[in-house]
Structure formats: C-alpha cells, structure tokens
>>> print(open('protein.pdb').read())   # PDB, C-alpha atoms
ATOM      1  CA  MET A   1       4.045 -16.071 -14.288
ATOM      2  CA  GLY A   2       4.751 -18.368 -17.229
ATOM      3  CA  TYR A   3       1.268 -18.242 -18.669
ATOM      4  CA  ARG A   4       0.819 -15.667 -21.452
ATOM      5  CA  SER A   5      -2.611 -14.144 -21.886
ATOM      6  CA  ARG A   6      -3.982 -13.400 -25.354
ATOM      7  CA  PHE A   7      -2.937  -9.758 -24.882
ATOM      8  CA  ASP A   8       0.557 -10.739 -23.746
ATOM      9  CA  ILE A   9       1.014 -12.674 -26.992
ATOM     10  CA  ILE A  10      -0.341  -9.848 -29.120
ATOM     11  CA  ALA A  11       1.961  -7.372 -27.361
ATOM     12  CA  ASP A  12       4.924  -9.688 -27.943
ATOM     13  CA  ILE A  13       4.110  -9.728 -31.654
ATOM     14  CA  LEU A  14       3.691  -5.955 -31.786
ATOM     15  CA  HIS A  15       7.011  -5.447 -30.018
ATOM     16  CA  VAL A  16       8.780  -7.505 -32.641
ATOM     17  CA  VAL A  17       6.915  -5.806 -35.451
ATOM     18  CA  SER A  18       7.675  -2.334 -34.087
ATOM     19  CA  GLY A  19      11.122  -2.746 -35.618
ATOM     20  CA  ARG A  20       9.434  -4.136 -38.785
ATOM     21  CA  ALA A  21       9.836  -7.877 -39.239
ATOM     22  CA  LYS A  22       9.316 -10.793 -41.559
ATOM     23  CA  LYS A  23       6.987 -13.619 -40.597
ATOM     24  CA  THR A  24       9.659 -16.121 -39.556
ATOM     25  CA  HIS A  25      11.302 -13.408 -37.507
ATOM     26  CA  ILE A  26       8.063 -12.745 -35.607
ATOM     27  CA  MET A  27       7.485 -16.462 -35.058
ATOM     28  CA  TYR A  28      10.965 -16.859 -33.639
ATOM     29  CA  ARG A  29      11.131 -13.716 -31.504
ATOM     30  CA  ALA A  30       7.594 -13.992 -30.150
ATOM     31  CA  ASN A  31       8.124 -17.692 -29.499
ATOM     32  CA  LEU A  32       5.028 -18.953 -31.289
ATOM     33  CA  SER A  33       4.147 -22.070 -33.241
ATOM     34  CA  HIS A  34       3.308 -21.510 -36.880
ATOM     35  CA  ARG A  35      -0.359 -22.233 -36.164
ATOM     36  CA  LEU A  36      -0.590 -19.656 -33.365
ATOM     37  CA  LEU A  37       1.338 -17.086 -35.342
ATOM     38  CA  GLN A  38      -1.134 -17.426 -38.241
ATOM     39  CA  LYS A  39      -4.068 -17.001 -35.895
ATOM     40  CA  TYR A  40      -2.707 -13.945 -34.089
ATOM     41  CA  LEU A  41      -1.279 -12.331 -37.173
ATOM     42  CA  ALA A  42      -4.714 -12.528 -38.777
ATOM     43  CA  GLU A  43      -6.205 -10.896 -35.678
ATOM     44  CA  VAL A  44      -3.759  -8.002 -35.446
ATOM     45  CA  ARG A  45      -4.060  -7.338 -39.185
ATOM     46  CA  ARG A  46      -7.860  -7.485 -39.078
ATOM     47  CA  SER A  47      -7.766  -4.948 -36.219
ATOM     48  CA  SER A  48      -5.233  -2.786 -38.082
ATOM     49  CA  LEU A  49      -2.602  -2.991 -35.364
ATOM     50  CA  VAL A  50      -0.151  -4.315 -37.915
ATOM     51  CA  SER A  51       0.034  -3.806 -41.647
ATOM     52  CA  TYR A  52       1.919  -5.645 -44.353
ATOM     53  CA  GLU A  53       4.443  -3.795 -46.441
ATOM     54  CA  ARG A  54       4.424  -5.396 -49.849
ATOM     55  CA  LYS A  55       7.692  -4.043 -51.174
ATOM     56  CA  GLY A  56       9.776  -4.774 -48.066
ATOM     57  CA  ARG A  57       7.773  -8.022 -47.611
ATOM     58  CA  CYS A  58       7.571  -7.341 -43.920
ATOM     59  CA  TYR A  59       5.101  -6.430 -41.202
ATOM     60  CA  VAL A  60       5.019  -2.963 -39.655
ATOM     61  CA  LEU A  61       3.341  -1.426 -36.625
ATOM     62  CA  THR A  62       0.477   1.011 -37.269
ATOM     63  CA  PRO A  63      -0.348   4.047 -35.056
ATOM     64  CA  LYS A  64      -3.229   1.973 -33.659
ATOM     65  CA  GLY A  65      -0.743  -0.771 -32.849
ATOM     66  CA  GLN A  66       1.372   1.815 -31.047
ATOM     67  CA  GLU A  67      -1.696   2.861 -29.084
ATOM     68  CA  PHE A  68      -2.350  -0.773 -28.173
ATOM     69  CA  LEU A  69       1.190  -1.109 -26.817
ATOM     70  CA  GLU A  70       0.777   1.978 -24.648
ATOM     71  CA  HIS A  71      -2.414   0.608 -23.104
ATOM     72  CA  TYR A  72      -0.796  -2.796 -22.799
ATOM     73  CA  ARG A  73       1.994  -1.411 -20.620
ATOM     74  CA  GLU A  74      -0.603  -0.182 -18.117
ATOM     75  CA  TYR A  75      -2.500  -3.476 -18.420
ATOM     76  CA  ALA A  76       0.630  -5.527 -17.671
ATOM     77  CA  LYS A  77       1.491  -3.340 -14.669
ATOM     78  CA  ARG A  78      -2.001  -3.736 -13.270
ATOM     79  CA  ALA A  79      -1.988  -7.471 -13.935
ATOM     80  CA  SER A  80       1.159  -8.023 -11.903
ATOM     81  CA  PHE A  81      -0.065  -5.700  -9.145
ATOM     82  CA  VAL A  82      -3.398  -7.521  -8.887
ATOM     83  CA  GLU A  83      -1.594 -10.857  -8.844
ATOM     84  CA  LYS A  84       0.597  -9.741  -5.931
ATOM     85  CA  GLN A  85      -2.354  -8.341  -3.999
ATOM     86  CA  LEU A  86      -4.307 -11.515  -4.614
ATOM     87  CA  ASN A  87      -1.465 -13.541  -3.147
ATOM     88  CA  HIS A  88      -1.430 -11.352  -0.028
ATOM     89  CA  PHE A  89      -5.155 -11.862   0.252
ATOM     90  CA  LYS A  90      -4.827 -15.627  -0.063
ATOM     91  CA  LEU A  91      -2.232 -15.671   2.715
ATOM     92  CA  LYS A  92      -4.673 -13.849   4.979
ATOM     93  CA  GLU A  93      -7.372 -16.309   3.954
ATOM     94  CA  MET A  94      -5.106 -19.170   4.975
ATOM     95  CA  VAL A  95      -4.648 -17.636   8.424
ATOM     96  CA  LEU A  96      -8.416 -17.582   8.906
ATOM     97  CA  GLU A  97      -8.747 -21.102   7.508
ATOM     98  CA  LYS A  98      -6.220 -22.263  10.063
ATOM     99  CA  LEU A  99      -8.126 -20.578  12.900
ATOM    100  CA  CYS A 100     -11.408 -22.081  11.717
ATOM    101  CA  PRO A 101     -10.927 -25.050   9.374
ATOM    102  CA  GLN A 102     -13.903 -26.159   7.315
ATOM    103  CA  ARG A 103     -14.040 -29.647   8.772
TER     104      ARG A 103
ATOM    105  CA  MET B   1     -20.614  -6.988  -2.805
ATOM    106  CA  GLY B   2     -23.758  -8.697  -1.557
ATOM    107  CA  TYR B   3     -22.211 -12.138  -1.494
ATOM    108  CA  ARG B   4     -20.892 -13.189   1.929
ATOM    109  CA  SER B   5     -17.924 -15.524   2.007
ATOM    110  CA  ARG B   6     -17.684 -18.248   4.642
ATOM    111  CA  PHE B   7     -15.380 -15.989   6.660
ATOM    112  CA  ASP B   8     -17.744 -13.028   6.362
ATOM    113  CA  ILE B   9     -20.509 -15.133   7.889
ATOM    114  CA  ILE B  10     -18.276 -16.421  10.672
ATOM    115  CA  ALA B  11     -17.152 -12.869  11.461
ATOM    116  CA  ASP B  12     -20.768 -11.708  11.544
ATOM    117  CA  ILE B  13     -21.526 -14.423  14.088
ATOM    118  CA  LEU B  14     -18.467 -13.562  16.194
ATOM    119  CA  HIS B  15     -19.406  -9.885  16.169
ATOM    120  CA  VAL B  16     -22.817 -10.696  17.579
ATOM    121  CA  VAL B  17     -21.376 -13.134  20.094
ATOM    122  CA  SER B  18     -18.742 -10.634  21.257
ATOM    123  CA  GLY B  19     -21.510  -9.031  23.293
ATOM    124  CA  ARG B  20     -22.624 -12.549  24.373
ATOM    125  CA  ALA B  21     -25.817 -13.730  22.753
ATOM    126  CA  LYS B  22     -28.494 -16.369  22.708
ATOM    127  CA  LYS B  23     -29.002 -18.551  19.668
ATOM    128  CA  THR B  24     -32.067 -16.771  18.297
ATOM    129  CA  HIS B  25     -30.304 -13.471  18.799
ATOM    130  CA  ILE B  26     -27.343 -14.641  16.671
ATOM    131  CA  MET B  27     -29.654 -15.993  13.983
ATOM    132  CA  TYR B  28     -31.487 -12.710  13.798
ATOM    133  CA  ARG B  29     -28.506 -10.333  13.963
ATOM    134  CA  ALA B  30     -26.258 -12.358  11.654
ATOM    135  CA  ASN B  31     -29.159 -12.814   9.253
ATOM    136  CA  LEU B  32     -28.924 -16.585   8.940
ATOM    137  CA  SER B  33     -31.408 -19.387   8.382
ATOM    138  CA  HIS B  34     -31.675 -21.876  11.225
ATOM    139  CA  ARG B  35     -29.922 -24.496   9.113
ATOM    140  CA  LEU B  36     -26.949 -22.262   8.330
ATOM    141  CA  LEU B  37     -26.719 -21.037  11.904
ATOM    142  CA  GLN B  38     -26.502 -24.649  13.136
ATOM    143  CA  LYS B  39     -23.755 -25.418  10.636
ATOM    144  CA  TYR B  40     -21.633 -22.362  11.415
ATOM    145  CA  LEU B  41     -22.220 -22.474  15.148
ATOM    146  CA  ALA B  42     -20.933 -26.046  15.156
ATOM    147  CA  GLU B  43     -17.857 -24.895  13.243
ATOM    148  CA  VAL B  44     -16.977 -21.951  15.465
ATOM    149  CA  ARG B  45     -17.493 -24.039  18.589
ATOM    150  CA  ARG B  46     -15.425 -26.923  17.233
ATOM    151  CA  SER B  47     -12.638 -24.402  16.483
ATOM    152  CA  SER B  48     -13.029 -22.814  19.933
ATOM    153  CA  LEU B  49     -13.809 -19.352  18.584
ATOM    154  CA  VAL B  50     -17.022 -19.365  20.575
ATOM    155  CA  SER B  51     -17.946 -21.158  23.762
ATOM    156  CA  TYR B  52     -21.278 -21.856  25.375
ATOM    157  CA  GLU B  53     -22.009 -20.513  28.825
ATOM    158  CA  ARG B  54     -24.328 -22.963  30.475
ATOM    159  CA  LYS B  55     -25.613 -20.801  33.320
ATOM    160  CA  GLY B  56     -26.314 -17.702  31.183
ATOM    161  CA  ARG B  57     -27.488 -20.012  28.372
ATOM    162  CA  CYS B  58     -25.646 -17.889  25.895
ATOM    163  CA  TYR B  59     -22.673 -17.944  23.558
ATOM    164  CA  VAL B  60     -19.504 -15.979  24.294
ATOM    165  CA  LEU B  61     -16.407 -15.043  22.330
ATOM    166  CA  THR B  62     -13.140 -16.758  23.281
ATOM    167  CA  PRO B  63      -9.659 -15.158  23.046
ATOM    168  CA  LYS B  64      -9.149 -17.235  19.886
ATOM    169  CA  GLY B  65     -12.380 -15.790  18.515
ATOM    170  CA  GLN B  66     -11.037 -12.329  19.260
ATOM    171  CA  GLU B  67      -7.870 -13.207  17.378
ATOM    172  CA  PHE B  68      -9.953 -14.398  14.433
ATOM    173  CA  LEU B  69     -11.782 -11.059  14.327
ATOM    174  CA  GLU B  70      -8.512  -9.128  14.269
ATOM    175  CA  HIS B  71      -7.246 -11.145  11.303
ATOM    176  CA  TYR B  72     -10.644 -10.870   9.673
ATOM    177  CA  ARG B  73     -10.482  -7.080   9.677
ATOM    178  CA  GLU B  74      -7.276  -7.238   7.631
ATOM    179  CA  TYR B  75      -8.788  -9.937   5.400
ATOM    180  CA  ALA B  76     -11.872  -7.826   4.667
ATOM    181  CA  LYS B  77      -9.761  -4.759   3.896
ATOM    182  CA  ARG B  78      -7.615  -6.756   1.492
ATOM    183  CA  ALA B  79     -10.669  -8.357  -0.108
ATOM    184  CA  SER B  80     -12.228  -5.014  -0.953
ATOM    185  CA  PHE B  81      -8.881  -3.635  -2.146
ATOM    186  CA  VAL B  82      -8.290  -6.621  -4.430
ATOM    187  CA  GLU B  83     -11.832  -6.333  -5.765
ATOM    188  CA  LYS B  84     -11.310  -2.672  -6.651
ATOM    189  CA  GLN B  85      -7.939  -3.355  -8.302
ATOM    190  CA  LEU B  86      -9.449  -6.234 -10.235
ATOM    191  CA  ASN B  87     -12.121  -3.915 -11.577
ATOM    192  CA  HIS B  88      -9.487  -1.418 -12.705
ATOM    193  CA  PHE B  89      -7.666  -4.256 -14.395
ATOM    194  CA  LYS B  90     -10.812  -5.423 -16.167
ATOM    195  CA  LEU B  91     -11.421  -1.919 -17.474
ATOM    196  CA  LYS B  92      -7.937  -1.898 -18.960
ATOM    197  CA  GLU B  93      -8.602  -5.332 -20.415
ATOM    198  CA  MET B  94     -11.733  -3.992 -22.081
ATOM    199  CA  VAL B  95      -9.735  -1.198 -23.704
ATOM    200  CA  LEU B  96      -7.392  -3.765 -25.252
ATOM    201  CA  GLU B  97     -10.318  -5.965 -26.262
ATOM    202  CA  LYS B  98     -11.823  -3.008 -28.061
ATOM    203  CA  LEU B  99      -8.569  -2.292 -29.892
ATOM    204  CA  CYS B 100      -8.224  -5.939 -30.889
ATOM    205  CA  PRO B 101     -11.500  -7.873 -30.610
ATOM    206  CA  GLN B 102     -11.305 -11.643 -30.623
ATOM    207  CA  ARG B 103     -13.426 -12.071 -33.712
TER     208      ARG B 103
END
>>> encode(input="protein.pdb", output="structure tokens")
Amino acid sequence: MGYRSRFDIIADILHVVSGRAKKTHIMYRANLSHRLLQKYLAEVRRSSLVSYERKGRCYVLTPKGQEFLEHYREYAKRASFVEKQLNHFKLKEMVLEKLCPQR
Amino acid sequence: MGYRSRFDIIADILHVVSGRAKKTHIMYRANLSHRLLQKYLAEVRRSSLVSYERKGRCYVLTPKGQEFLEHYREYAKRASFVEKQLNHFKLKEMVLEKLCPQR
C-alpha cells in the first residue's frame, strides 16, 4: 500500500475528529503537512462532514461525516480486494507473456 | 468489453487453428485485418504455439499452444472478474465523491 488516496486521507481526518480534536491534533494524528491539512479541512467542512465547535475550539464529526465513514469502510475493503485480484490477474498475464513474448 | 487485448487476439487465433486452418480461414474467423494477422501469426509461430504443415498447407496447434489456451481460459475468467469488481469499487468511490466532492 503506502499511497493514500484522497478518500483515505479524508477518512483519516474523520477518524481523528470522531473523538473531537483540535487542529494540531488532527495534523499530527492524520500525519499531514499544514498545507494539506488546510486543504482537506476546508473540503470536509464545506461538505459538512466536520463542523467546528466554537466554544470547545475543536472539530467534531457530523452525522454526514459518520455516514461517510461507514461507506468508506466498504470502499477500503473493496479497494484492497480489487488490488489483490488485480495482482492475481497480472501473474496470469505474466504466464501468457512468457509463453508468447511480444518480441 | 469490446476491446480485445493482445492475448485475446492470440487466443482467438489459436482457437481457430486448433481445428487446423488455412491463413484466410484464420483471418476470417479471428476477425483480423491482413496486416494484424501477419503480425500475430509471426508471433505465435516464433513462440511455437502454432506450426505450419507444409503438405496440408495449413496451420496447426502445438502442445505449447494447447498449454497457452488452458492458461488463457483462467486469464479471461480473472479479467472479467477483476473488471466487475473494479466497477463495484468505482460505484463505491462515486458514493464518497458525492458525500465529499472535490470542489
């Protein structure tokens, strides 16, 4: 793996925020640069997945954010399944390539 | 589907040749232009999947060609499975995109 998709990053942020969190906390726990955090935080707030609690000065998960996380779980499962299946397919492709190389 | 991969085309040729076949016959049954037939026929002969029978003036499948076809069956099954799974994955991706659009 290693590579995080846009949705992986958003889910990481939402996971941190699900226990309510301050900005620096999110940055640290979701392992993001300040620049990326700003960008993604703006996105999740614009989409109402996260809201800002003025008095606690922290970010909290909304019901829509909760919904996102539920769909994300399925998404992540499918992503890793597809990746595995794709690897099996590529192995089979290599067998054929060996039997009939392209040059 | 529609799009034939290199291995799909080779398998189509081997299927025709498995009942021994003349060149025009292969071209017609495997639905190939003359140019593509020449290219692929050279490849399958170079890889010894197909051999030419001088007296019958036709092409025949070799044991290695038979082996290729057996692996190809598994390859094709996996290809269509991966394609289906990838579509399921993309649907899930669209759900997330809708919950958090990128702009």
>>> residues_near_point(input="protein.pdb", point="(-21.9, -10.9, 17.6)", cutoff="9 Å", atoms="only C-alpha atoms", output="MDAnalysis selection string")
chainID B and resid 11:21 25:26 29:30 60:61
>>> interface_residues(input="protein.pdb", of="chain A", to="chain B", cutoff="12 Å", atoms="all atoms listed in the file", output="PyMOL selection string")
chain A and resi 5-8+10-11+14+39-50+63-103
>>> axis_aligned_box(input="protein.pdb", around="region 37-44 of chain A", padding_each_side="3 Å", output="JSON")
{"center_x": -2.4, "center_y": -12.7, "center_z": -36.4, "size_x": 13.5, "size_y": 15.4, "size_z": 10.7}
>>> calpha_fit_and_write(input="protein.pdb", fixed="chain B", moving="chain A", output="PDB file with C-alpha atoms, in the coordinates of the input")
ATOM      1  CA  MET A   1     -20.744  -6.832  -2.737  1.00  0.00           C
ATOM      2  CA  GLY A   2     -23.829  -8.709  -1.558  1.00  0.00           C
ATOM      3  CA  TYR A   3     -22.216 -12.117  -1.500  1.00  0.00           C
ATOM      4  CA  ARG A   4     -20.901 -13.165   1.928  1.00  0.00           C
ATOM      5  CA  SER A   5     -17.937 -15.506   2.021  1.00  0.00           C
ATOM      6  CA  ARG A   6     -17.705 -18.245   4.648  1.00  0.00           C
ATOM      7  CA  PHE A   7     -15.388 -15.981   6.668  1.00  0.00           C
ATOM      8  CA  ASP A   8     -17.753 -13.018   6.365  1.00  0.00           C
ATOM      9  CA  ILE A   9     -20.520 -15.134   7.900  1.00  0.00           C
ATOM     10  CA  ILE A  10     -18.290 -16.420  10.680  1.00  0.00           C
ATOM     11  CA  ALA A  11     -17.158 -12.866  11.464  1.00  0.00           C
ATOM     12  CA  ASP A  12     -20.784 -11.713  11.552  1.00  0.00           C
ATOM     13  CA  ILE A  13     -21.541 -14.426  14.101  1.00  0.00           C
ATOM     14  CA  LEU A  14     -18.486 -13.567  16.189  1.00  0.00           C
ATOM     15  CA  HIS A  15     -19.421  -9.889  16.184  1.00  0.00           C
ATOM     16  CA  VAL A  16     -22.827 -10.701  17.594  1.00  0.00           C
ATOM     17  CA  VAL A  17     -21.380 -13.129  20.098  1.00  0.00           C
ATOM     18  CA  SER A  18     -18.744 -10.637  21.251  1.00  0.00           C
ATOM     19  CA  GLY A  19     -21.506  -9.018  23.287  1.00  0.00           C
ATOM     20  CA  ARG A  20     -22.615 -12.536  24.384  1.00  0.00           C
ATOM     21  CA  ALA A  21     -25.824 -13.726  22.757  1.00  0.00           C
ATOM     22  CA  LYS A  22     -28.482 -16.389  22.722  1.00  0.00           C
ATOM     23  CA  LYS A  23     -28.991 -18.552  19.657  1.00  0.00           C
ATOM     24  CA  THR A  24     -32.072 -16.771  18.309  1.00  0.00           C
ATOM     25  CA  HIS A  25     -30.293 -13.475  18.794  1.00  0.00           C
ATOM     26  CA  ILE A  26     -27.341 -14.646  16.683  1.00  0.00           C
ATOM     27  CA  MET A  27     -29.653 -16.008  13.991  1.00  0.00           C
ATOM     28  CA  TYR A  28     -31.477 -12.704  13.795  1.00  0.00           C
ATOM     29  CA  ARG A  29     -28.505 -10.338  13.985  1.00  0.00           C
ATOM     30  CA  ALA A  30     -26.270 -12.353  11.669  1.00  0.00           C
ATOM     31  CA  ASN A  31     -29.167 -12.812   9.261  1.00  0.00           C
ATOM     32  CA  LEU A  32     -28.936 -16.582   8.931  1.00  0.00           C
ATOM     33  CA  SER A  33     -31.424 -19.379   8.388  1.00  0.00           C
ATOM     34  CA  HIS A  34     -31.689 -21.872  11.212  1.00  0.00           C
ATOM     35  CA  ARG A  35     -29.923 -24.491   9.089  1.00  0.00           C
ATOM     36  CA  LEU A  36     -26.942 -22.241   8.328  1.00  0.00           C
ATOM     37  CA  LEU A  37     -26.724 -21.037  11.896  1.00  0.00           C
ATOM     38  CA  GLN A  38     -26.506 -24.651  13.129  1.00  0.00           C
ATOM     39  CA  LYS A  39     -23.764 -25.419  10.641  1.00  0.00           C
ATOM     40  CA  TYR A  40     -21.643 -22.360  11.415  1.00  0.00           C
ATOM     41  CA  LEU A  41     -22.220 -22.473  15.131  1.00  0.00           C
ATOM     42  CA  ALA A  42     -20.931 -26.044  15.148  1.00  0.00           C
ATOM     43  CA  GLU A  43     -17.854 -24.895  13.225  1.00  0.00           C
ATOM     44  CA  VAL A  44     -16.976 -21.950  15.455  1.00  0.00           C
ATOM     45  CA  ARG A  45     -17.501 -24.057  18.585  1.00  0.00           C
ATOM     46  CA  ARG A  46     -15.418 -26.927  17.209  1.00  0.00           C
ATOM     47  CA  SER A  47     -12.633 -24.411  16.483  1.00  0.00           C
ATOM     48  CA  SER A  48     -13.031 -22.819  19.928  1.00  0.00           C
ATOM     49  CA  LEU A  49     -13.810 -19.366  18.578  1.00  0.00           C
ATOM     50  CA  VAL A  50     -17.024 -19.377  20.562  1.00  0.00           C
ATOM     51  CA  SER A  51     -17.940 -21.162  23.755  1.00  0.00           C
ATOM     52  CA  TYR A  52     -21.272 -21.861  25.388  1.00  0.00           C
ATOM     53  CA  GLU A  53     -21.974 -20.505  28.826  1.00  0.00           C
ATOM     54  CA  ARG A  54     -24.269 -22.963  30.521  1.00  0.00           C
ATOM     55  CA  LYS A  55     -25.525 -20.779  33.335  1.00  0.00           C
ATOM     56  CA  GLY A  56     -26.267 -17.697  31.217  1.00  0.00           C
ATOM     57  CA  ARG A  57     -27.445 -20.037  28.406  1.00  0.00           C
ATOM     58  CA  CYS A  58     -25.631 -17.893  25.907  1.00  0.00           C
ATOM     59  CA  TYR A  59     -22.665 -17.939  23.557  1.00  0.00           C
ATOM     60  CA  VAL A  60     -19.496 -15.984  24.299  1.00  0.00           C
ATOM     61  CA  LEU A  61     -16.406 -15.047  22.315  1.00  0.00           C
ATOM     62  CA  THR A  62     -13.138 -16.773  23.263  1.00  0.00           C
ATOM     63  CA  PRO A  63      -9.659 -15.151  23.017  1.00  0.00           C
ATOM     64  CA  LYS A  64      -9.146 -17.239  19.866  1.00  0.00           C
ATOM     65  CA  GLY A  65     -12.378 -15.809  18.499  1.00  0.00           C
ATOM     66  CA  GLN A  66     -11.043 -12.336  19.252  1.00  0.00           C
ATOM     67  CA  GLU A  67      -7.877 -13.215  17.363  1.00  0.00           C
ATOM     68  CA  PHE A  68      -9.968 -14.404  14.417  1.00  0.00           C
ATOM     69  CA  LEU A  69     -11.799 -11.070  14.323  1.00  0.00           C
ATOM     70  CA  GLU A  70      -8.530  -9.143  14.271  1.00  0.00           C
ATOM     71  CA  HIS A  71      -7.260 -11.150  11.305  1.00  0.00           C
ATOM     72  CA  TYR A  72     -10.661 -10.880   9.675  1.00  0.00           C
ATOM     73  CA  ARG A  73     -10.499  -7.082   9.680  1.00  0.00           C
ATOM     74  CA  GLU A  74      -7.289  -7.240   7.633  1.00  0.00           C
ATOM     75  CA  TYR A  75      -8.805  -9.941   5.407  1.00  0.00           C
ATOM     76  CA  ALA A  76     -11.898  -7.826   4.682  1.00  0.00           C
ATOM     77  CA  LYS A  77      -9.767  -4.764   3.895  1.00  0.00           C
ATOM     78  CA  ARG A  78      -7.634  -6.758   1.490  1.00  0.00           C
ATOM     79  CA  ALA A  79     -10.685  -8.360  -0.097  1.00  0.00           C
ATOM     80  CA  SER A  80     -12.241  -5.015  -0.954  1.00  0.00           C
ATOM     81  CA  PHE A  81      -8.901  -3.626  -2.144  1.00  0.00           C
ATOM     82  CA  VAL A  82      -8.304  -6.613  -4.427  1.00  0.00           C
ATOM     83  CA  GLU A  83     -11.843  -6.326  -5.760  1.00  0.00           C
ATOM     84  CA  LYS A  84     -11.309  -2.660  -6.656  1.00  0.00           C
ATOM     85  CA  GLN A  85      -7.952  -3.350  -8.285  1.00  0.00           C
ATOM     86  CA  LEU A  86      -9.444  -6.228 -10.223  1.00  0.00           C
ATOM     87  CA  ASN A  87     -12.125  -3.921 -11.574  1.00  0.00           C
ATOM     88  CA  HIS A  88      -9.486  -1.419 -12.713  1.00  0.00           C
ATOM     89  CA  PHE A  89      -7.666  -4.256 -14.402  1.00  0.00           C
ATOM     90  CA  LYS A  90     -10.806  -5.432 -16.173  1.00  0.00           C
ATOM     91  CA  LEU A  91     -11.424  -1.919 -17.490  1.00  0.00           C
ATOM     92  CA  LYS A  92      -7.930  -1.896 -18.972  1.00  0.00           C
ATOM     93  CA  GLU A  93      -8.589  -5.334 -20.433  1.00  0.00           C
ATOM     94  CA  MET A  94     -11.718  -3.990 -22.098  1.00  0.00           C
ATOM     95  CA  VAL A  95      -9.710  -1.199 -23.721  1.00  0.00           C
ATOM     96  CA  LEU A  96      -7.373  -3.768 -25.261  1.00  0.00           C
ATOM     97  CA  GLU A  97     -10.301  -5.971 -26.278  1.00  0.00           C
ATOM     98  CA  LYS A  98     -11.798  -3.005 -28.074  1.00  0.00           C
ATOM     99  CA  LEU A  99      -8.528  -2.300 -29.900  1.00  0.00           C
ATOM    100  CA  CYS A 100      -8.181  -5.951 -30.889  1.00  0.00           C
ATOM    101  CA  PRO A 101     -11.455  -7.885 -30.616  1.00  0.00           C
ATOM    102  CA  GLN A 102     -11.264 -11.666 -30.618  1.00  0.00           C
ATOM    103  CA  ARG A 103     -13.363 -12.108 -33.734  1.00  0.00           C
TER     104      ARG A 103
END
>>> atom_distance(input="protein.pdb", atom1="CA of Lys22 (chain A)", atom2="CA of Tyr3 (chain A)")
25.4 Å
>>> atom_distance(input="protein.pdb", atom1="CA of Lys55 (chain A)", atom2="CA of Thr24 (chain A)")
16.9 Å
>>> atom_distance(input="protein.pdb", atom1="CA of Arg57 (chain B)", atom2="CA of Gln38 (chain B)")
16.0 Å
>>> residues_around(input="protein.pdb", residues="Lys23 (chain B)", least_positions_apart="6", cutoff="9 Å", atoms="all atoms listed in the file", output="list in words")
Leu37, Arg57, Cys58 and Tyr59 of chain B
